[in-house]
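Have a look at structure.txt below; it lists compact mmCIF, C-alpha atoms and all ligand atoms.
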# COMPACT_ATOMS: atom_id res chain seq x y z
CA MET A 1 150.07 134.39 85.59
CA ALA A 2 149.17 135.68 89.07
CA ARG A 3 152.38 135.38 91.03
CA PRO A 4 152.62 135.47 94.79
CA THR A 5 154.74 138.04 96.56
CA LEU A 6 157.11 136.73 99.22
CA GLU A 7 157.19 138.46 102.58
CA LEU A 8 159.53 137.36 105.36
CA VAL A 9 159.30 137.32 109.12
CA ALA A 10 161.92 136.10 111.60
CA ASP A 11 160.30 133.05 113.11
CA ALA A 12 157.13 131.19 113.95
CA ASP A 13 156.07 133.71 116.62
CA ALA A 14 156.42 136.62 114.22
CA LEU A 15 154.55 134.61 111.60
CA ALA A 16 151.61 134.07 113.97
CA SER A 17 151.44 137.79 114.79
CA ALA A 18 151.68 138.75 111.13
CA ILE A 19 148.94 136.33 110.04
CA ALA A 20 146.66 137.54 112.81
CA ALA A 21 147.32 141.17 111.82
CA ARG A 22 146.40 140.42 108.20
CA VAL A 23 143.18 138.69 109.25
CA VAL A 24 142.23 141.65 111.46
CA ALA A 25 142.90 144.16 108.66
CA ALA A 26 140.99 142.11 106.07
CA CYS A 27 138.08 141.68 108.48
CA HIS A 28 137.74 145.42 109.16
CA HIS A 29 138.03 146.20 105.46
CA ALA A 30 135.44 143.62 104.36
CA VAL A 31 132.94 144.48 107.10
CA ALA A 32 133.22 148.19 106.27
CA ALA A 33 132.79 147.51 102.54
CA ARG A 34 130.22 144.68 102.49
CA GLY A 35 128.96 144.11 106.02
CA ARG A 36 130.54 140.69 106.38
CA PHE A 37 133.91 138.97 106.29
CA VAL A 38 134.20 135.58 104.60
CA LEU A 39 137.32 133.80 105.83
CA VAL A 40 138.68 130.51 104.54
CA LEU A 41 140.77 128.85 107.24
CA ALA A 42 143.81 126.68 106.55
CA GLY A 43 144.45 123.29 108.06
CA GLY A 44 147.81 122.04 109.28
CA SER A 45 149.73 123.22 112.33
CA THR A 46 151.28 126.48 111.06
CA PRO A 47 148.20 128.74 111.48
CA LEU A 48 147.16 127.47 114.91
CA ALA A 49 149.23 130.02 116.86
CA ALA A 50 147.67 132.80 114.76
CA TYR A 51 144.20 131.38 115.49
CA ARG A 52 145.03 131.54 119.20
CA HIS A 53 146.02 135.22 118.82
CA LEU A 54 142.74 135.91 117.06
CA ALA A 55 140.80 134.19 119.83
CA GLU A 56 141.93 137.09 122.06
CA ARG A 57 140.56 139.73 119.70
CA HIS A 58 137.23 140.39 121.37
CA ASP A 59 137.14 143.75 119.57
CA LEU A 60 136.53 142.13 116.16
CA PRO A 61 132.98 142.08 114.75
CA TRP A 62 132.74 138.28 115.04
CA GLU A 63 128.98 138.35 114.44
CA ARG A 64 129.83 139.49 110.87
CA VAL A 65 132.36 136.71 110.21
CA VAL A 66 131.64 133.67 108.05
CA ALA A 67 134.25 130.90 108.38
CA THR A 68 134.91 127.87 106.24
CA TRP A 69 137.90 125.63 105.40
CA GLY A 70 139.94 125.13 102.25
CA ASP A 71 140.17 121.40 102.78
CA GLU A 72 139.17 118.66 105.15
CA ARG A 73 139.82 115.08 106.20
CA LEU A 74 137.06 112.50 105.90
CA VAL A 75 136.77 111.92 109.63
CA PRO A 76 133.98 112.78 112.10
CA ARG A 77 133.49 116.39 113.12
CA ASP A 78 135.09 115.95 116.56
CA HIS A 79 138.06 113.91 115.30
CA PRO A 80 141.43 115.43 116.31
CA GLU A 81 142.71 115.18 112.72
CA ARG A 82 139.87 117.27 111.37
CA ASN A 83 140.88 120.82 110.43
CA GLU A 84 137.57 122.07 111.76
CA HIS A 85 138.22 120.49 115.15
CA ALA A 86 141.65 122.14 115.46
CA ALA A 87 140.33 125.56 114.44
CA ARG A 88 137.36 125.29 116.79
CA LYS A 89 139.66 124.52 119.72
CA ALA A 90 142.14 127.29 118.87
CA LEU A 91 139.69 129.99 117.76
CA LEU A 92 136.05 129.39 117.00
CA ASP A 93 135.07 128.05 120.42
CA HIS A 94 136.33 131.30 121.96
CA VAL A 95 134.63 133.94 119.82
CA PRO A 96 130.96 134.76 119.21
CA ILE A 97 130.59 133.69 115.58
CA PRO A 98 126.97 132.60 115.04
CA ALA A 99 126.92 128.80 114.58
CA GLU A 100 125.15 129.06 111.21
CA GLN A 101 128.07 131.16 109.90
CA VAL A 102 130.56 128.35 110.45
CA LEU A 103 130.42 126.41 107.19
CA GLY A 104 132.23 123.16 107.92
CA TRP A 105 132.58 120.42 105.35
CA PRO A 106 129.83 117.81 105.78
CA GLU A 107 130.74 114.56 107.53
CA GLY A 108 130.98 111.42 105.44
CA THR A 109 133.39 108.88 104.04
CA ASP A 110 132.52 109.18 100.34
CA GLY A 111 134.80 112.04 99.24
CA GLU A 112 132.92 112.81 96.05
CA ALA A 113 129.57 113.01 97.85
CA VAL A 114 131.06 115.20 100.60
CA ALA A 115 132.69 117.48 98.02
CA ALA A 116 129.45 117.84 96.03
CA ALA A 117 127.36 118.57 99.14
CA HIS A 118 129.83 121.19 100.35
CA ALA A 119 129.93 122.92 96.96
CA GLU A 120 126.13 123.17 97.02
CA HIS A 121 126.15 124.51 100.59
CA LEU A 122 128.75 127.16 99.73
CA ARG A 123 126.78 128.26 96.67
CA ARG A 124 123.61 128.65 98.73
CA GLN A 125 125.40 130.60 101.46
CA LEU A 126 127.93 132.65 99.51
CA GLY A 127 126.69 132.86 95.94
CA ASP A 128 127.72 131.14 92.75
CA PRO A 129 130.64 131.08 92.53
CA PRO A 130 131.24 131.57 96.25
CA SER A 131 133.37 134.62 96.90
CA PHE A 132 135.88 134.90 99.74
CA ASP A 133 137.47 137.92 101.37
CA LEU A 134 140.57 136.15 102.69
CA VAL A 135 141.83 132.65 101.97
CA LEU A 136 144.49 131.29 104.35
CA LEU A 137 146.60 128.42 103.06
CA GLY A 138 149.67 126.40 104.00
CA LEU A 139 152.33 124.71 101.93
CA GLY A 140 153.41 121.10 102.35
CA ALA A 141 157.00 119.91 102.00
CA ASP A 142 155.83 118.20 98.79
CA ALA A 143 154.36 121.57 97.61
CA HIS A 144 150.71 120.67 98.21
CA THR A 145 148.36 123.41 99.31
CA ALA A 146 144.94 122.81 100.86
CA SER A 147 144.52 119.18 99.71
CA LEU A 148 145.67 119.83 96.15
CA PHE A 149 148.45 117.24 96.07
CA PRO A 150 151.12 117.22 93.37
CA GLY A 151 150.91 114.54 90.75
CA THR A 152 147.19 113.86 91.29
CA GLY A 153 145.76 116.28 88.72
CA ALA A 154 143.95 118.03 91.61
CA ALA A 155 145.46 121.45 90.90
CA GLU A 156 143.76 121.59 87.50
CA ALA A 157 140.44 119.99 88.44
CA PRO A 158 137.29 121.80 87.27
CA GLY A 159 134.48 122.78 89.62
CA LEU A 160 134.46 124.24 93.12
CA THR A 161 135.36 121.22 95.21
CA LEU A 162 136.89 117.82 94.68
CA ALA A 163 137.88 114.58 96.35
CA VAL A 164 141.62 113.96 96.14
CA ARG A 165 143.36 110.62 96.57
CA ALA A 166 147.05 111.01 97.34
CA PRO A 167 149.22 108.00 98.23
CA ALA A 168 150.73 109.70 101.28
CA VAL A 169 147.44 110.71 102.94
CA GLY A 170 144.59 108.68 101.41
CA GLU A 171 141.42 110.52 100.47
CA ARG A 172 140.66 114.12 101.38
CA VAL A 173 138.32 116.85 100.13
CA SER A 174 139.41 120.29 98.97
CA LEU A 175 138.32 123.48 97.35
CA SER A 176 139.67 123.62 93.81
CA ALA A 177 142.37 126.06 92.74
CA THR A 178 139.66 128.00 90.89
CA ALA A 179 137.50 128.26 94.00
CA LEU A 180 140.44 129.25 96.21
CA GLY A 181 141.20 132.03 93.75
CA HIS A 182 137.71 133.62 94.05
CA ALA A 183 139.25 135.77 96.75
CA ASP A 184 140.20 139.37 97.42
CA GLU A 185 143.27 138.12 99.22
CA VAL A 186 145.17 134.82 99.47
CA LEU A 187 147.74 134.47 102.26
CA VAL A 188 149.97 131.39 102.39
CA ALA A 189 151.78 130.76 105.70
CA VAL A 190 155.00 128.76 105.51
CA ALA A 191 157.31 127.91 108.42
CA GLY A 192 160.25 125.62 109.02
CA HIS A 193 163.30 124.23 107.27
CA ASP A 194 161.44 121.33 105.75
CA LYS A 195 159.52 123.76 103.51
CA GLN A 196 162.58 125.33 101.85
CA GLY A 197 162.48 123.19 98.72
CA ALA A 198 158.74 123.51 98.19
CA LEU A 199 158.82 127.26 98.76
CA ALA A 200 161.72 127.87 96.39
CA ARG A 201 160.16 125.68 93.68
CA THR A 202 156.78 127.37 94.07
CA LEU A 203 158.31 130.82 93.73
CA ARG A 204 160.38 129.80 90.71
CA ALA A 205 157.24 128.34 89.10
CA GLU A 206 159.23 126.48 86.48
CA GLU A 207 157.17 123.28 86.75
CA PRO A 208 153.58 122.65 85.66
CA PRO A 209 150.72 123.45 88.07
CA ASP A 210 150.17 119.74 88.70
CA ALA A 211 153.61 119.74 90.38
CA LEU A 212 153.17 123.12 92.11
CA PRO A 213 149.45 123.49 92.95
CA LEU A 214 149.79 126.97 94.42
CA THR A 215 150.75 128.27 91.00
CA ALA A 216 147.32 127.27 89.69
CA LEU A 217 145.57 129.91 91.83
CA ARG A 218 144.48 133.18 90.24
CA PRO A 219 143.33 135.38 93.12
CA ARG A 220 141.63 138.61 92.05
CA GLY A 221 143.58 140.58 94.68
CA ARG A 222 146.65 140.40 96.89
CA PHE A 223 148.50 137.06 96.76
CA THR A 224 151.18 136.68 99.44
CA ILE A 225 153.41 133.96 100.75
CA LEU A 226 154.37 134.83 104.31
CA ALA A 227 157.40 132.77 105.32
CA ASP A 228 159.73 132.58 108.28
CA GLU A 229 163.47 132.68 107.72
CA ALA A 230 163.81 128.94 108.29
CA ALA A 231 161.48 128.25 105.37
CA ALA A 232 163.04 130.95 103.20
CA GLY A 233 166.57 129.58 103.62
CA ALA A 234 168.85 131.20 101.07
CA LEU A 235 165.98 133.36 99.80
CA ALA A 236 166.16 135.27 103.08
CA THR A 237 169.39 136.97 102.05
CA THR A 238 167.70 138.63 99.09
CA TYR A 239 164.66 139.93 100.96
CA GLU A 240 164.31 142.61 103.55
CA ARG A 241 162.38 141.64 106.62
CA ASP A 242 160.16 144.06 108.44
CA GLY A 243 161.21 144.40 112.08
CA ASP A 244 157.72 145.01 113.47
CA ALA A 245 155.64 141.91 112.82
CA GLY A 246 152.81 143.35 114.92
CA SER A 247 152.04 145.92 112.26
CA GLY A 248 152.49 143.40 109.46
CA PRO A 249 155.55 142.85 107.31
CA ALA A 250 156.64 145.23 104.60
CA ASP A 251 155.70 144.32 101.08
CA GLY A 252 158.26 141.95 99.67
CA VAL A 253 159.55 141.80 96.16
CA PRO A 254 158.02 139.28 93.79
CA VAL A 255 160.54 136.66 92.77
CA GLU A 256 161.09 136.70 89.06
CA GLY A 257 161.56 133.20 87.63
C1 LIG B 301 145.86 120.42 105.79
C2 LIG B 301 146.21 121.57 104.97
C3 LIG B 301 147.52 121.51 104.31
C4 LIG B 301 148.51 122.24 105.19
C5 LIG B 301 149.93 121.91 104.79
C6 LIG B 301 150.93 122.56 105.71
O1 LIG B 301 144.68 120.17 105.93
O2 LIG B 301 146.77 119.80 106.33
O3 LIG B 301 145.30 122.43 104.64
O4 LIG B 301 147.54 122.01 103.02
O5 LIG B 301 148.29 123.61 105.15
O6 LIG B 301 150.09 120.52 104.85
O7 LIG B 301 150.76 122.01 106.99
P1 LIG B 301 151.57 122.51 108.23
O8 LIG B 301 151.11 123.88 108.55
O9 LIG B 301 151.22 121.54 109.32
O10 LIG B 301 153.01 122.45 107.85

Could you write out this file's structure as structure tokens?
Ligand code: 6PG
Amino acid sequence: MARPTLELVADADALASAIAARVVAACHHAVAARGRFVLVLAGGSTPLAAYRHLAERHDLPWERVVATWGDERLVPRDHPERNEHAARKALLDHVPIPAEQVLGWPEGTDGEAVAAAHAEHLRRQLGDPPSFDLVLLGLGADAHTASLFPGTGAAEAPGLTLAVRAPAVGERVSLSATALGHADEVLVAVAGHDKQGALARTLRAEEPPDALPLTALRPRGRFTILADEAAAGALATTYERDGDAGSGPADGVPVEG
């Protein structure tokens, strides 16, 4: 099983700097190797400070960046709850990414139709299966990632995309665990005390993937959970933290079940 490595930073500010540093490094690497950088953005609030850091990076080759999202809400494109809207305001509106390289989920209220149309769009733009350079994700207090919610069967769904109905949030659309794993690097950002349980359970990986969706991912490259000390809780005592978040945290030690 592909297991994530845990890396710790002190707090939310250090987390934002560390995420931004990883995006910058992955971007340079991918553009040098393949001429473009395909980035999957996470929803939720945790990555927004990192997006704002990246918005200042006018030195990046933004014209070579392709951006899409791991999951989305079934609301109009300019709706404040839409992940795309939040990322546009924090990042994409401030950098010169060509509009046709921003691959948002289609609008619509029929989750299955939206999921199918997005899968087709990704295949046309990025190949079949679509391949990503860096996938950014978050972790919910219930252990969901993207919109793969525990107890829904979503973590083990076939195909590239799916509609997910979860009692707490209604219907959403998401890339599947398989699609999220077609990546050179997966980086999961986790902050705050309320994530302690989900983070510890995900690292222990003693439950089935339907309960811990992140454990269903099989990235072909680096797989990291980047957490602040509040989210790590007791785990923080067993990990060394790198003091210089600006240069990226030191490699952590994989937790053995
Ligand atoms: C979303 C997400 C979701 C998110 C987690 C963590 O669309 O909301 O993609 O999986 O990453 O819920 O959210 P926070 O960063 O707000 O804690």

Here's a test: counting only C-alpha atoms, identify every protein, DNA and RNA residue with an atom at most 9 Å from (155.5, 128.3, 115.1) in the file's coordinate frame, and state them as a list in words.
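Output: Asp11, Ala12, Asp13, Ala14, Leu15, Ala16, Ser45, Thr46, Pro47, Leu48, Ala49, Ala191 and Gly192 of chain A.
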
May I have the residues within 7 Å of range 75-80 of chain A as a list of chain:residue names, using all atoms listed in the file and disregarding those fewer than 3 positions away in the same chain?
A:His85, A:Ala86, A:Glu107

Could you pull the residues within 8 Å of Leu214 in chain A, counting only C-alpha atoms, minus those fewer than 2 positions along the same chain, as an MDAnalysis selection string?
chainID A and resid 143:145 155 177 202 209 212 216:217

Let's have the selection written as a PDB file, in the frame of the given file, with C-alpha atoms.
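Everything below was put into out01.pdb:
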ATOM      1  CA  ALA A 143     154.360 121.570  97.610  1.00  0.00           C
ATOM      2  CA  HIS A 144     150.710 120.670  98.210  1.00  0.00           C
ATOM      3  CA  THR A 145     148.360 123.410  99.310  1.00  0.00           C
ATOM      4  CA  ALA A 155     145.460 121.450  90.900  1.00  0.00           C
ATOM      5  CA  ALA A 177     142.370 126.060  92.740  1.00  0.00           C
ATOM      6  CA  THR A 202     156.780 127.370  94.070  1.00  0.00           C
ATOM      7  CA  PRO A 209     150.720 123.450  88.070  1.00  0.00           C
ATOM      8  CA  LEU A 212     153.170 123.120  92.110  1.00  0.00           C
ATOM      9  CA  ALA A 216     147.320 127.270  89.690  1.00  0.00           C
ATOM     10  CA  LEU A 217     145.570 129.910  91.830  1.00  0.00           C
TER      11      LEU A 217
END

Could you tell me how far CA of Gly43 in chain A sits from CA of Glu72 in chain A, in Å to one decimal place?
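These two atoms are separated by 7.6 Å.
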
For a test of reading the model, state the distance in Å between CA of Val188 in chain A and CA of Gln101 in chain A, rounded to one decimal.
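CA of Gln101 in chain A lies 23.2 Å from CA of Val188 in chain A.
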
Using only C-alpha atoms and all ligand atoms, what are the residues with an atom within 10 Å of ligand LIG 301 (chain B), set out as JSON, numbers by chain?
{"A": [41, 42, 43, 44, 45, 46, 47, 48, 69, 70, 71, 72, 73, 81, 82, 83, 84, 136, 137, 138, 139, 140, 141, 142, 143, 144, 145, 146, 147, 148, 149, 169, 172, 173, 174, 188, 189, 190, 191, 192, 194, 195]}

Point-to-point distance in Å for CA of Thr152 in chain A and CA of Ala211 in chain A:
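Here the two named atoms are 8.8 Å from each other.
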
Nearby residues (only C-alpha atoms) at most 12 Å from Glu120 in chain A, same-chain spacing under 5 positions excluded, as a PyMOL selection string
chain A and resi 103+105-106+113-115+125-130+159-161

With all atoms listed in the file as the atoms that count, which of A:Asp133, A:Gly151, A:Asp59, A:Leu54 lies nearest to Glu207 in chain A?
A:Gly151

Skipping near chain neighbours, those fewer than 5 positions away, what residues fall within 8 Å of Gly221 in chain A using all atoms listed in the file, listed as a list in words?
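Non-adjacent residues within range: Ala183, Asp184, Glu185 and Val186 of chain A.
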
A:Tyr51, A:Ile19, A:Gly197, A:Ala33: which is nearest Glu7 in chain A, counting all atoms listed in the file?
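Closest residue, counting all atoms listed in the file: A:Ile19.
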
For each of A:His118, A:Arg222, A:His53, A:Arg204, take the minimum atom-to-atom distance to Ala26 in chain A, counting all atoms listed in the file, then give the residue where this is smallest.
A:Arg222

With all atoms listed in the file as the atoms that count, which of A:Leu92, A:Ala87, A:Leu162, A:Leu74 lies nearest to Gly108 in chain A?
A:Leu74

Which residue of A:Val95, A:Leu134, A:Ala232, A:Leu180 approaches Leu203 in chain A most closely, using all atoms listed in the file
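Looking only at the distances to Leu203 in chain A, the closest residue turns out to be A:Ala232.
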
Option closest in space to Val102 in chain A, from A:Asp210, A:Val66, A:Glu229, A:Ala117 [counting all atoms listed in the file]:
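With all atoms listed in the file as the atom set, the closest residue is A:Val66.
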
Excluding Phe37 in chain A and residues on its chain fewer than 2 positions from it, collect all residues at most 10 Å away from it, counting only C-alpha atoms, and give them as a list in words.
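So the residues in contact are Val23, Ala26, Cys27, His28, His29, Ala30, Val31, Ala32, Ala33, Arg34, Gly35, Leu39, Val40, Pro61, Trp62, Glu63, Arg64, Val65, Val66, Ala67, Phe132, Asp133 and Leu134 of chain A.
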